[in-house]
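Pasted below: upload_13.cif, mmCIF, C-alpha atoms (C1' of nucleotides).
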```cif
data_upload
loop_
_atom_site.label_atom_id
_atom_site.label_comp_id
_atom_site.auth_asym_id
_atom_site.auth_seq_id
_atom_site.Cartn_x
_atom_site.Cartn_y
_atom_site.Cartn_z
CA MET A 1 148.10 29.07 163.85
CA SER A 2 148.93 26.76 161.00
CA SER A 3 150.97 29.55 159.44
CA GLU A 4 153.82 29.54 161.89
CA ASN A 5 153.76 25.80 161.84
CA THR A 6 154.30 25.52 158.10
CA LYS A 7 156.92 28.23 158.14
CA GLU A 8 158.76 26.21 160.74
CA LYS A 9 158.37 23.05 158.68
CA ILE A 10 159.86 24.77 155.66
CA LEU A 11 162.73 26.14 157.71
CA LEU A 12 163.52 22.75 159.20
CA SER A 13 163.42 20.99 155.84
CA ALA A 14 165.53 23.70 154.26
CA ARG A 15 168.03 23.39 157.06
CA LYS A 16 168.27 19.64 156.68
CA LEU A 17 168.88 19.89 152.94
CA PHE A 18 171.14 22.94 152.97
CA VAL A 19 173.32 21.39 155.66
CA GLU A 20 173.50 18.15 153.69
CA TYR A 21 173.83 19.40 150.13
CA GLY A 22 174.74 23.07 150.34
CA PHE A 23 173.12 26.01 148.61
CA ALA A 24 173.73 25.04 145.00
CA GLY A 25 173.01 21.39 145.68
CA THR A 26 169.57 22.01 147.11
CA SER A 27 166.50 22.99 145.10
CA MET A 28 163.36 24.70 146.25
CA GLY A 29 161.42 21.75 144.88
CA GLN A 30 163.26 19.34 147.15
CA ILE A 31 162.61 21.54 150.13
CA ALA A 32 158.90 21.79 149.33
CA LYS A 33 158.69 18.05 148.88
CA LEU A 34 160.43 17.30 152.17
CA ALA A 35 158.35 19.85 154.03
CA GLN A 36 155.22 18.54 152.32
CA VAL A 37 154.05 22.01 151.39
CA ASN A 38 153.22 23.69 148.15
CA HIS A 39 156.19 24.90 146.18
CA SER A 40 154.90 28.47 146.07
CA LEU A 41 154.41 28.65 149.81
CA ILE A 42 158.14 28.83 150.32
CA PHE A 43 158.32 32.01 148.28
CA HIS A 44 155.39 33.43 150.16
CA HIS A 45 157.10 32.89 153.49
CA PHE A 46 160.74 33.45 152.53
CA GLU A 47 160.74 35.57 149.36
CA ASN A 48 163.56 33.69 147.58
CA LYS A 49 166.27 31.09 147.96
CA GLU A 50 168.88 33.53 149.23
CA LYS A 51 166.61 34.77 152.00
CA LEU A 52 165.73 31.22 152.94
CA TRP A 53 169.41 30.35 153.18
CA LEU A 54 170.00 33.34 155.42
CA ALA A 55 167.05 32.33 157.60
CA VAL A 56 168.52 28.86 158.00
CA LYS A 57 171.89 30.31 158.82
CA GLN A 58 170.38 32.62 161.37
CA SER A 59 168.55 29.75 163.03
CA ILE A 60 171.84 27.92 163.37
CA VAL A 61 173.60 30.99 164.75
CA LYS A 62 170.80 31.33 167.26
CA GLU A 63 171.09 27.73 168.36
CA LYS A 64 174.83 28.10 168.64
CA ASN A 65 174.59 31.21 170.79
CA GLN A 66 171.89 29.75 173.00
CA GLN A 67 173.54 26.48 173.78
CA SER A 68 176.98 27.98 173.81
CA LYS A 69 179.57 25.84 175.47
CA MET A 70 180.13 27.63 178.73
CA LEU A 71 183.69 28.02 179.83
CA PRO A 72 184.72 25.68 182.64
CA SER A 73 185.48 27.24 186.01
CA THR A 74 188.92 28.80 186.28
CA ASP A 75 189.06 28.01 189.98
CA GLN A 76 190.43 24.54 189.33
CA PRO A 77 194.00 23.59 188.41
CA PHE A 78 194.94 24.35 184.81
CA TYR A 79 195.02 20.72 183.79
CA ASP A 80 191.46 20.15 184.99
CA PHE A 81 190.31 23.34 183.31
CA LEU A 82 191.97 22.39 180.06
CA TYR A 83 190.59 18.88 180.15
CA ALA A 84 187.07 20.14 180.80
CA LEU A 85 187.44 22.72 178.04
CA VAL A 86 188.56 20.22 175.46
CA ILE A 87 185.93 17.64 176.37
CA LYS A 88 183.20 20.24 176.40
CA SER A 89 184.22 21.67 173.05
CA ILE A 90 184.41 18.29 171.39
CA LYS A 91 181.06 17.31 172.82
CA PHE A 92 179.59 20.54 171.56
CA TYR A 93 180.76 19.94 168.01
CA ARG A 94 179.61 16.34 168.10
CA ASP A 95 176.19 17.32 169.38
CA HIS A 96 175.77 20.07 166.79
CA PRO A 97 177.12 18.76 163.52
CA ASP A 98 174.99 21.22 161.57
CA ILE A 99 177.05 24.12 162.80
CA MET A 100 180.38 22.89 161.51
CA ARG A 101 178.91 21.81 158.20
CA MET A 102 177.19 25.15 157.75
CA ILE A 103 180.43 26.97 158.47
CA SER A 104 182.16 24.81 155.90
CA TRP A 105 179.50 25.44 153.26
CA GLN A 106 179.68 29.12 153.94
CA ARG A 107 183.43 29.21 153.52
CA LEU A 108 183.36 27.20 150.31
CA GLU A 109 180.40 28.42 148.35
CA ARG A 110 179.28 31.60 150.05
CA SER A 111 182.50 33.26 151.13
CA HIS A 112 181.26 36.58 149.80
CA GLU A 113 178.45 36.96 152.31
CA GLU A 114 179.18 38.41 155.68
CA VAL A 115 175.74 39.58 156.67
CA ILE A 116 175.54 37.06 159.45
CA SER A 117 178.92 35.81 160.48
CA LEU A 118 178.72 32.20 161.45
CA THR A 119 182.06 31.55 163.06
CA LEU A 120 183.60 29.88 166.05
CA SER A 121 185.37 33.04 167.06
CA SER A 122 182.55 34.65 169.01
CA GLU A 123 183.68 33.23 172.34
CA THR A 124 187.33 33.83 171.76
CA GLN A 125 187.48 36.67 174.24
CA SER A 126 186.35 34.64 177.24
CA TRP A 127 188.90 31.98 176.33
CA ILE A 128 191.61 34.62 176.19
CA ASN A 129 190.66 35.90 179.61
CA ALA A 130 190.77 32.41 181.05
CA PHE A 131 194.26 31.80 179.71
CA LYS A 132 195.40 35.17 181.01
CA HIS A 133 194.16 34.13 184.43
CA TYR A 134 196.28 30.98 184.38
CA GLN A 135 199.25 33.01 183.20
CA GLN A 136 198.92 35.15 186.30
CA CYS A 137 198.66 32.01 188.44
CA GLY A 138 201.92 30.85 186.92
CA GLU A 139 200.41 27.68 185.50
CA VAL A 140 200.77 28.93 181.94
CA ASN A 141 203.89 30.53 180.51
CA PRO A 142 203.19 34.28 180.79
CA GLN A 143 205.31 35.09 177.76
CA LEU A 144 202.89 33.44 175.37
CA LYS A 145 200.33 35.55 173.53
CA PRO A 146 196.87 34.49 174.74
CA GLU A 147 195.45 34.99 171.23
CA PHE A 148 197.96 32.49 169.89
CA ILE A 149 197.10 30.02 172.63
CA VAL A 150 193.44 30.16 171.72
CA VAL A 151 194.02 29.50 168.04
CA PHE A 152 196.50 26.79 168.91
CA VAL A 153 194.10 24.97 171.22
CA LEU A 154 191.13 25.44 168.93
CA SER A 155 193.02 23.96 165.97
CA ILE A 156 193.71 20.81 167.90
CA VAL A 157 190.21 20.55 169.33
CA HIS A 158 188.58 21.20 166.00
CA VAL A 159 190.39 18.37 164.29
CA ALA A 160 189.94 16.05 167.25
CA ALA A 161 186.20 16.67 167.15
CA SER A 162 185.51 16.14 163.50
CA ASP A 163 188.27 16.28 161.02
CA HIS A 164 190.95 13.71 161.55
CA THR A 165 189.84 11.61 158.62
CA VAL A 166 191.65 14.17 156.51
CA PHE A 167 194.93 13.12 158.00
CA THR A 168 194.46 9.46 158.81
CA GLN A 169 191.87 7.12 157.46
CA THR A 170 191.40 5.55 160.83
CA LEU A 171 192.47 6.88 164.17
CA ALA A 172 192.33 4.00 166.57
CA ASN A 173 191.13 4.94 170.01
CA GLU A 174 189.84 8.46 169.75
CA ASP A 175 189.47 8.88 173.48
CA ALA A 176 193.13 8.13 173.95
CA TYR A 177 193.93 10.77 171.34
CA ILE A 178 191.88 13.35 173.22
CA LEU A 179 193.77 12.58 176.40
CA PHE A 180 196.99 12.82 174.42
CA CYS A 181 195.98 16.27 173.22
CA VAL A 182 195.18 17.59 176.67
CA GLU A 183 198.47 16.36 178.07
CA ARG A 184 200.50 17.72 175.18
CA ILE A 185 198.78 21.10 175.29
CA GLN A 186 199.44 21.38 179.00
CA LYS A 187 203.08 20.55 178.46
CA ALA A 188 203.30 23.00 175.56
CA LEU A 189 201.88 25.89 177.52
CA GLY A 190 203.52 25.22 180.88
CA MET B 1 197.02 17.66 117.37
CA SER B 2 194.36 20.14 118.27
CA SER B 3 192.49 17.37 120.04
CA GLU B 4 194.74 17.04 123.05
CA ASN B 5 194.88 20.79 123.24
CA THR B 6 191.14 21.24 123.53
CA LYS B 7 190.84 18.36 125.95
CA GLU B 8 193.40 20.10 128.11
CA LYS B 9 191.55 23.40 127.78
CA ILE B 10 188.34 21.76 128.95
CA LEU B 11 190.10 20.08 131.85
CA LEU B 12 191.71 23.32 132.99
CA SER B 13 188.47 25.27 132.77
CA ALA B 14 186.59 22.54 134.58
CA ARG B 15 189.20 22.51 137.29
CA LYS B 16 189.00 26.24 137.75
CA LEU B 17 185.23 26.19 138.08
CA PHE B 18 184.93 22.99 140.12
CA VAL B 19 187.53 24.25 142.58
CA GLU B 20 185.73 27.57 142.85
CA TYR B 21 182.06 26.52 142.84
CA GLY B 22 182.03 22.78 143.49
CA PHE B 23 180.26 20.06 141.57
CA ALA B 24 176.67 21.20 142.00
CA GLY B 25 177.60 24.85 141.58
CA THR B 26 179.25 24.37 138.19
CA SER B 27 177.43 23.70 134.94
CA MET B 28 178.73 22.15 131.77
CA GLY B 29 177.68 25.29 129.96
CA GLN B 30 179.91 27.45 132.12
CA ILE B 31 182.83 25.12 131.52
CA ALA B 32 182.29 25.17 127.76
CA LYS B 33 182.06 28.94 127.78
CA LEU B 34 185.24 29.37 129.80
CA ALA B 35 187.12 26.85 127.67
CA GLN B 36 185.72 28.49 124.53
CA VAL B 37 184.69 25.16 123.08
CA ASN B 38 181.41 23.76 121.89
CA HIS B 39 179.16 22.47 124.62
CA SER B 40 178.94 18.99 123.09
CA LEU B 41 182.68 18.62 122.85
CA ILE B 42 182.91 18.15 126.57
CA PHE B 43 180.69 15.10 126.39
CA HIS B 44 182.70 13.76 123.50
CA HIS B 45 185.92 13.99 125.47
CA PHE B 46 184.68 13.22 128.97
CA GLU B 47 181.42 11.30 128.60
CA ASN B 48 179.54 13.08 131.43
CA LYS B 49 179.84 15.47 134.33
CA GLU B 50 180.77 12.80 136.87
CA LYS B 51 183.65 11.56 134.72
CA LEU B 52 184.85 15.09 134.16
CA TRP B 53 184.85 15.71 137.90
CA LEU B 54 186.88 12.56 138.44
CA ALA B 55 189.32 13.63 135.73
CA VAL B 56 189.80 16.98 137.45
CA LYS B 57 190.29 15.25 140.77
CA GLN B 58 192.81 12.92 139.30
CA SER B 59 194.77 15.79 137.79
CA ILE B 60 194.95 17.38 141.22
CA VAL B 61 196.01 14.14 142.88
CA LYS B 62 198.72 13.82 140.25
CA GLU B 63 199.98 17.33 140.88
CA LYS B 64 199.95 16.68 144.58
CA ASN B 65 201.94 13.47 144.31
CA GLN B 66 204.42 14.97 141.89
CA GLN B 67 205.23 18.05 143.84
CA SER B 68 204.89 16.34 147.16
CA LYS B 69 206.47 18.17 150.02
CA MET B 70 209.56 16.14 150.72
CA LEU B 71 210.32 15.42 154.31
CA PRO B 72 213.19 17.49 155.73
CA SER B 73 216.35 15.66 156.63
CA THR B 74 216.26 13.85 159.97
CA ASP B 75 219.98 14.37 160.42
CA GLN B 76 219.45 17.76 161.98
CA PRO B 77 218.31 18.54 165.53
CA PHE B 78 214.61 17.99 166.14
CA TYR B 79 213.82 21.67 166.40
CA ASP B 80 215.32 22.38 163.00
CA PHE B 81 213.55 19.40 161.51
CA LEU B 82 210.24 20.47 162.99
CA TYR B 83 210.66 24.05 161.87
CA ALA B 84 211.49 22.99 158.32
CA LEU B 85 208.58 20.56 158.31
CA VAL B 86 206.08 23.17 159.40
CA ILE B 87 207.35 25.83 157.03
CA LYS B 88 207.43 23.42 154.13
CA SER B 89 203.92 22.18 154.80
CA ILE B 90 202.47 25.64 155.10
CA LYS B 91 204.23 26.73 151.94
CA PHE B 92 202.90 23.69 150.14
CA TYR B 93 199.32 24.45 151.09
CA ARG B 94 199.71 28.09 150.19
CA ASP B 95 201.21 27.26 146.81
CA HIS B 96 198.50 24.72 145.98
CA PRO B 97 195.21 26.16 147.17
CA ASP B 98 193.29 23.95 144.72
CA ILE B 99 194.19 20.85 146.65
CA MET B 100 192.74 21.95 149.95
CA ARG B 101 189.60 23.30 148.32
CA MET B 102 189.10 20.13 146.35
CA ILE B 103 189.48 18.06 149.50
CA SER B 104 186.90 20.25 151.19
CA TRP B 105 184.45 19.95 148.31
CA GLN B 106 184.91 16.23 148.28
CA ARG B 107 184.20 15.93 151.97
CA LEU B 108 181.13 18.15 151.82
CA GLU B 109 179.33 17.24 148.66
CA ARG B 110 180.92 14.02 147.42
CA SER B 111 181.65 12.11 150.60
CA HIS B 112 180.25 8.96 149.03
CA GLU B 113 182.92 8.62 146.36
CA GLU B 114 186.15 6.93 147.23
CA VAL B 115 187.32 5.92 143.79
CA ILE B 116 190.24 8.27 143.99
CA SER B 117 191.03 9.25 147.54
CA LEU B 118 192.25 12.78 147.65
CA THR B 119 193.61 13.10 151.15
CA LEU B 120 196.53 14.48 153.08
CA SER B 121 197.20 11.15 154.70
CA SER B 122 199.26 9.60 151.92
CA GLU B 123 202.56 10.73 153.40
CA THR B 124 201.64 9.94 156.96
CA GLN B 125 203.91 6.92 157.09
CA SER B 126 207.11 8.82 156.35
CA TRP B 127 206.17 11.35 158.99
CA ILE B 128 205.64 8.56 161.49
CA ASN B 129 209.04 7.12 160.72
CA ALA B 130 210.69 10.49 161.18
CA PHE B 131 209.12 10.95 164.59
CA LYS B 132 210.11 7.43 165.58
CA HIS B 133 213.67 8.32 164.69
CA TYR B 134 213.63 11.32 167.01
CA GLN B 135 212.12 9.19 169.72
CA GLN B 136 215.09 6.85 169.46
CA CYS B 137 217.44 9.82 169.60
CA GLY B 138 215.77 10.89 172.81
CA GLU B 139 214.68 14.25 171.42
CA VAL B 140 211.01 13.23 171.44
CA ASN B 141 209.25 11.53 174.31
CA PRO B 142 209.33 7.83 173.37
CA GLN B 143 206.10 7.09 175.23
CA LEU B 144 204.02 9.07 172.75
CA LYS B 145 202.26 7.26 169.92
CA PRO B 146 203.78 8.46 166.63
CA GLU B 147 200.38 8.30 164.94
CA PHE B 148 199.02 10.71 167.51
CA ILE B 149 201.97 13.02 167.03
CA VAL B 150 201.34 13.20 163.31
CA VAL B 151 197.67 14.07 163.64
CA PHE B 152 198.51 16.55 166.38
CA VAL B 153 201.12 18.36 164.28
CA LEU B 154 199.05 18.24 161.12
CA SER B 155 196.06 19.80 162.89
CA ILE B 156 198.11 22.75 163.94
CA VAL B 157 199.83 23.14 160.58
CA HIS B 158 196.60 22.83 158.66
CA VAL B 159 194.94 25.64 160.54
CA ALA B 160 198.08 27.77 160.46
CA ALA B 161 198.22 27.42 156.70
CA SER B 162 194.69 28.22 155.77
CA ASP B 163 191.99 28.04 158.31
CA HIS B 164 192.49 30.39 161.19
CA THR B 165 189.80 32.76 160.03
CA VAL B 166 187.39 30.24 161.49
CA PHE B 167 188.67 31.00 164.93
CA THR B 168 189.77 34.60 164.77
CA GLN B 169 188.77 37.20 162.24
CA THR B 170 192.27 38.55 162.15
CA LEU B 171 195.41 36.94 163.40
CA ALA B 172 197.99 39.66 163.62
CA ASN B 173 201.44 38.56 162.64
CA GLU B 174 201.06 35.16 161.08
CA ASP B 175 204.77 34.52 160.97
CA ALA B 176 204.99 34.99 164.71
CA TYR B 177 202.17 32.50 165.11
CA ILE B 178 204.02 29.93 163.03
CA LEU B 179 207.09 30.34 165.21
CA PHE B 180 204.86 30.04 168.25
CA CYS B 181 203.52 26.75 166.92
CA VAL B 182 206.93 25.26 166.29
CA GLU B 183 208.16 26.16 169.74
CA ARG B 184 205.03 24.86 171.44
CA ILE B 185 205.06 21.61 169.52
CA GLN B 186 208.67 21.04 170.41
CA LYS B 187 207.91 21.64 174.06
CA ALA B 188 204.85 19.40 173.92
CA LEU B 189 206.73 16.49 172.43
CA GLY B 190 209.98 16.83 174.35
"C1'" DG C 1 127.71 37.50 159.97
"C1'" DC C 2 130.77 40.39 157.50
"C1'" DA C 3 134.95 42.31 155.84
"C1'" DT C 4 139.77 42.18 155.73
"C1'" DT C 5 143.92 39.99 155.83
"C1'" DA C 6 146.86 36.19 155.39
"C1'" DA C 7 147.67 31.33 153.94
"C1'" DT C 8 147.44 28.12 150.34
"C1'" DT C 9 146.89 26.31 145.79
"C1'" DG C 10 147.88 25.08 140.96
"C1'" DA C 11 148.83 26.69 136.62
"C1'" DC C 12 152.32 28.92 134.35
"C1'" DC C 13 156.91 31.11 132.92
"C1'" DA C 14 161.55 31.68 130.79
"C1'" DA C 15 165.99 30.06 131.64
"C1'" DT C 16 169.00 26.57 132.40
"C1'" DC C 17 170.24 21.86 133.21
"C1'" DA C 18 172.81 17.49 131.51
"C1'" DG C 19 172.89 14.90 127.70
"C1'" DT C 20 171.91 13.05 122.57
"C1'" DC C 21 172.57 12.81 117.74
"C1'" DA C 22 173.10 13.34 113.00
"C1'" DA C 23 175.72 16.04 110.06
"C1'" DT C 24 179.92 18.21 108.95
"C1'" DT C 25 184.76 19.29 109.19
"C1'" DT C 26 189.54 18.09 110.08
"C1'" DC C 27 193.29 15.17 109.93
"C1'" DA C 28 196.36 11.43 109.24
"C1'" DA C 29 197.64 7.13 106.99
"C1'" DC C 30 198.10 4.80 102.82
"C1'" DG D 1 193.76 11.68 96.15
"C1'" DT D 2 190.97 8.50 98.66
"C1'" DT D 3 189.42 6.56 102.79
"C1'" DG D 4 188.40 5.94 107.55
"C1'" DA D 5 188.52 7.63 111.96
"C1'" DA D 6 188.36 11.27 115.12
"C1'" DA D 7 187.12 16.12 116.16
"C1'" DT D 8 183.77 19.55 115.96
"C1'" DT D 9 179.36 21.65 115.23
"C1'" DG D 10 174.56 23.09 116.01
"C1'" DA D 11 170.09 21.80 116.59
"C1'" DC D 12 167.38 19.34 119.69
"C1'" DT D 13 165.41 16.91 123.92
"C1'" DG D 14 162.88 16.33 128.33
"C1'" DA D 15 163.54 17.44 132.95
"C1'" DT D 16 164.43 20.75 136.36
"C1'" DT D 17 165.59 25.29 137.90
"C1'" DG D 18 163.97 29.63 140.67
"C1'" DG D 19 160.23 32.46 140.54
"C1'" DT D 20 155.38 34.76 139.43
"C1'" DC D 21 150.51 35.31 139.73
"C1'" DA D 22 145.71 35.15 139.90
"C1'" DA D 23 142.35 32.56 142.22
"C1'" DT D 24 140.76 30.09 146.22
"C1'" DT D 25 140.57 28.95 151.02
"C1'" DA D 26 141.10 29.76 155.95
"C1'" DA D 27 141.58 32.62 159.90
"C1'" DT D 28 140.90 37.00 162.29
"C1'" DG D 29 138.86 41.28 164.15
"C1'" DC D 30 134.70 43.72 164.67
#
```
For the file at hand, write its structure as structure tokens.
Amino acid sequence: MSSENTKEKILLSARKLFVEYGFAGTSMGQIAKLAQVNHSLIFHHFENKEKLWLAVKQSIVKEKNQQSKMLPSTDQPFYDFLYALVIKSIKFYRDHPDIMRMISWQRLERSHEEVISLTLSSETQSWINAFKHYQQCGEVNPQLKPEFIVVFVLSIVHVAASDHTVFTQTLANEDAYILFCVERIQKALG
Amino acid sequence: MSSENTKEKILLSARKLFVEYGFAGTSMGQIAKLAQVNHSLIFHHFENKEKLWLAVKQSIVKEKNQQSKMLPSTDQPFYDFLYALVIKSIKFYRDHPDIMRMISWQRLERSHEEVISLTLSSETQSWINAFKHYQQCGEVNPQLKPEFIVVFVLSIVHVAASDHTVFTQTLANEDAYILFCVERIQKALG
DNA sequence: GCATTAATTGACCAATCAGTCAATTTCAAC
DNA sequence: GTTGAAATTGACTGATTGGTCAATTAATGC
């Protein structure tokens, strides 16, 4: 069963390089070298570069869907729920940096392809339902559109998890910022 | 003075292609073709691909600093200030899509280079001062760290301006969402 | 053990890559 | 009008690109 093994090796090497350097920035030669397989083997197993890219993307989608950040219980007070949600989301992004990078590459250099949609929006619906629940409890302002709340919260979480270097070179005390976010979101939605 | 003209043509074509396809995804041949100049002329005017990239980046930084989104007056009530700030920022991003794309390319494929820092953080200080002012007025909670406020607001604005397709395929009524953001931020910071 | 299928190899391809260079043209100053 | 410098050209390079293909090797089913 060396076949599946090498195919896996190629896929892993391709993933490493694609995530790091993107589609255009990665060559088949580099992938072969990293995977320590013959150049032509890649084409035998994955037809061409496009297909290999899609295979890598699919493997990331799969990983994302498997280890999907489960929603915290909605039985607890809203603040606890929100805190757990934010922490869990940030941890998820931190633990799976490939996903965010792949999404970014896709948006920049492969925005035309929609065959496999690699987005963060797949779990939106369960988030919406959770917020609706807290609106019925009276812990969240019932006049607010749940869809807006989700985008609002996700924006903040997304930047907190990975992106804040865009806005400030250094953000002293990241943990304090996360706490800040949770408290401000609660206040905003209450 | 055809010289400066062709140099400008090359720079504009390079910018168009770099912004669209990134560094690795753009070839000198493509640039020459688009600029309708001889291939070798590019090297005469810009030495090599790296230098050309830096020149493009610098031209974008220049444009950004010139047409920098001025801070709204802090003489008005906080809500009006905040609303103007958000609208202005979003409009700025929408009117200058090259800037955001270039920042994204830089972060993905050229994270090593810091010669010219193309960031959104250059105006952070004036934002901080504005928020401090409203904290003294009592319109913004004085216990909140101004640095945190800036990152918090910028996260929301950034996504509202360009990014929300990451989270939801379609966000019905974007204007309503912007209003939603302003109101929620005000509540969060009050 | 034999036949069939799949995995693996290395040689090869045309196209494209960034970059060089000598020769020529253009232009401006005197 | 001559001269010197800069702009422009086209031919060229060696390396790399994605991809093919026939031949060889290894694994599998019977």
As an exercise, work out the distance from atom CA of B:Lys91 to atom CA of B:Ala160 in Å and give it to one decimal place.
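Between these atoms lies a distance of 10.6 Å.
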Output as CSV one row per residue of stretch 65-128 of chain A within 9 Å of stretch 102-108 of chain B: the closest atom pair and its distance in Å to one decimal place, counting all atoms listed in the file, sorted by chain and residue number ascending.
```
residue,atom,partner,partner_atom,distance
A:Arg101,CA,B:Leu108,CA,7.7
A:Ser104,CA,B:Leu108,CA,7.9
A:Trp105,CA,B:Leu108,CA,7.6
A:Leu108,CA,B:Trp105,CA,7.6
```
Any idea which chain A residues end up within 12 Å of chain D if we count all atoms listed in the file, as a ChimeraX atom specification please?
/A:1-3,24-30,39-44,47-50
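Taking atom CA of B:Asn173 as the reference point, atom CA of A:Phe148 is found at 10.1 Å.
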Can you state the RMSD, in Å, between chain A and chain B once they are superposed by least squares on every Cα paired in order?
0.1 Å
Could you tell me how far atom CA of B:Ile60 lies from atom CA of A:Glu109, in Å and to one decimal?
19.6 Å
Expand the PyMOL selection byres ((chain C) within 10 of (chain A)) into the individual residues it matches in the shown file, reporting them as a list in words.
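What the PyMOL selection byres ((chain C) within 10 of (chain A)) grabs from the file is DA6, DA7, DT8, DT9 and DG10 of chain C.
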Mind telling me what the PyMOL selection byres ((chain B) within 8 of (chain A)) catches here, as a PyMOL selection string?
chain B and resi 20-22+24-25+101+104-105+108-109+119-121+124+148+151-152+154-156+159+164+166-169+177+180-181+184-189
Under the PyMOL selection byres ((chain A and resi 53) around 10), which residues of this model are included? Write them out as an mmCIF file with C-alpha atoms, keeping the file's coordinate frame.
```cif
data_model
loop_
_atom_site.group_PDB
_atom_site.id
_atom_site.type_symbol
_atom_site.label_atom_id
_atom_site.label_comp_id
_atom_site.auth_asym_id
_atom_site.auth_seq_id
_atom_site.Cartn_x
_atom_site.Cartn_y
_atom_site.Cartn_z
ATOM 1 C CA LEU A 11 162.730 26.140 157.710
ATOM 2 C CA ALA A 14 165.530 23.700 154.260
ATOM 3 C CA ARG A 15 168.030 23.390 157.060
ATOM 4 C CA PHE A 18 171.140 22.940 152.970
ATOM 5 C CA GLY A 22 174.740 23.070 150.340
ATOM 6 C CA PHE A 23 173.120 26.010 148.610
ATOM 7 C CA PHE A 46 160.740 33.450 152.530
ATOM 8 C CA ASN A 48 163.560 33.690 147.580
ATOM 9 C CA LYS A 49 166.270 31.090 147.960
ATOM 10 C CA GLU A 50 168.880 33.530 149.230
ATOM 11 C CA LYS A 51 166.610 34.770 152.000
ATOM 12 C CA LEU A 52 165.730 31.220 152.940
ATOM 13 C CA LEU A 54 170.000 33.340 155.420
ATOM 14 C CA ALA A 55 167.050 32.330 157.600
ATOM 15 C CA VAL A 56 168.520 28.860 158.000
ATOM 16 C CA LYS A 57 171.890 30.310 158.820
ATOM 17 C CA GLN A 58 170.380 32.620 161.370
ATOM 18 C CA SER A 59 168.550 29.750 163.030
#
```
Which residues are close to B:Ala35, i.e. within 7 Å by only C-alpha atoms (C1' of nucleotides), leaving aside same-chain residues fewer than 2 positions away? Reply as a list in words.
Lys9, Ile10, Ser13, Ile31, Ala32, Lys33 and Val37 of chain B
Using only C-alpha atoms, please write the residues we just selected to a file, as a PDB file, in the coordinates of the input.
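After the write, selection01.pdb holds the following:
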```
ATOM      1  CA  LYS B   9     191.550  23.400 127.780  1.00  0.00           C
ATOM      2  CA  ILE B  10     188.340  21.760 128.950  1.00  0.00           C
ATOM      3  CA  SER B  13     188.470  25.270 132.770  1.00  0.00           C
ATOM      4  CA  ILE B  31     182.830  25.120 131.520  1.00  0.00           C
ATOM      5  CA  ALA B  32     182.290  25.170 127.760  1.00  0.00           C
ATOM      6  CA  LYS B  33     182.060  28.940 127.780  1.00  0.00           C
ATOM      7  CA  VAL B  37     184.690  25.160 123.080  1.00  0.00           C
TER       8      VAL B  37
END
```
Quick one: stretch 3-28 of chain D with C-alpha atoms (C1' of nucleotides), as a short mmCIF file (atom, residue, chain, number, x, y, z; two decimals), in the first residue's frame?
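Wrote it out as decode_37.cif, contents follow:
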```
data_model
loop_
_atom_site.label_atom_id
_atom_site.label_comp_id
_atom_site.auth_asym_id
_atom_site.auth_seq_id
_atom_site.Cartn_x
_atom_site.Cartn_y
_atom_site.Cartn_z
"C1'" DT D 3 28.55 65.46 -29.02
"C1'" DG D 4 27.26 62.92 -25.03
"C1'" DA D 5 23.85 60.95 -22.42
"C1'" DA D 6 19.61 58.69 -21.98
"C1'" DA D 7 15.86 55.96 -24.12
"C1'" DT D 8 14.67 52.17 -26.82
"C1'" DT D 9 15.21 47.98 -29.38
"C1'" DG D 10 15.73 43.04 -30.40
"C1'" DA D 11 18.35 39.17 -29.99
"C1'" DC D 12 19.96 36.22 -26.57
"C1'" DT D 13 20.73 33.50 -22.14
"C1'" DG D 14 20.20 29.73 -18.71
"C1'" DA D 15 16.92 28.31 -15.51
"C1'" DT D 16 12.38 26.98 -14.50
"C1'" DT D 17 7.64 26.28 -15.64
"C1'" DG D 18 3.64 22.69 -16.17
"C1'" DG D 19 3.06 18.68 -18.54
"C1'" DT D 20 3.80 14.19 -21.58
"C1'" DC D 21 5.26 9.60 -22.51
"C1'" DA D 22 7.32 5.29 -23.12
"C1'" DA D 23 9.68 2.10 -20.37
"C1'" DT D 24 10.42 -0.20 -16.03
"C1'" DT D 25 9.18 -1.87 -11.56
"C1'" DA D 26 6.04 -3.45 -7.97
"C1'" DA D 27 1.78 -5.24 -6.34
"C1'" DT D 28 -2.47 -7.86 -7.02
#
```
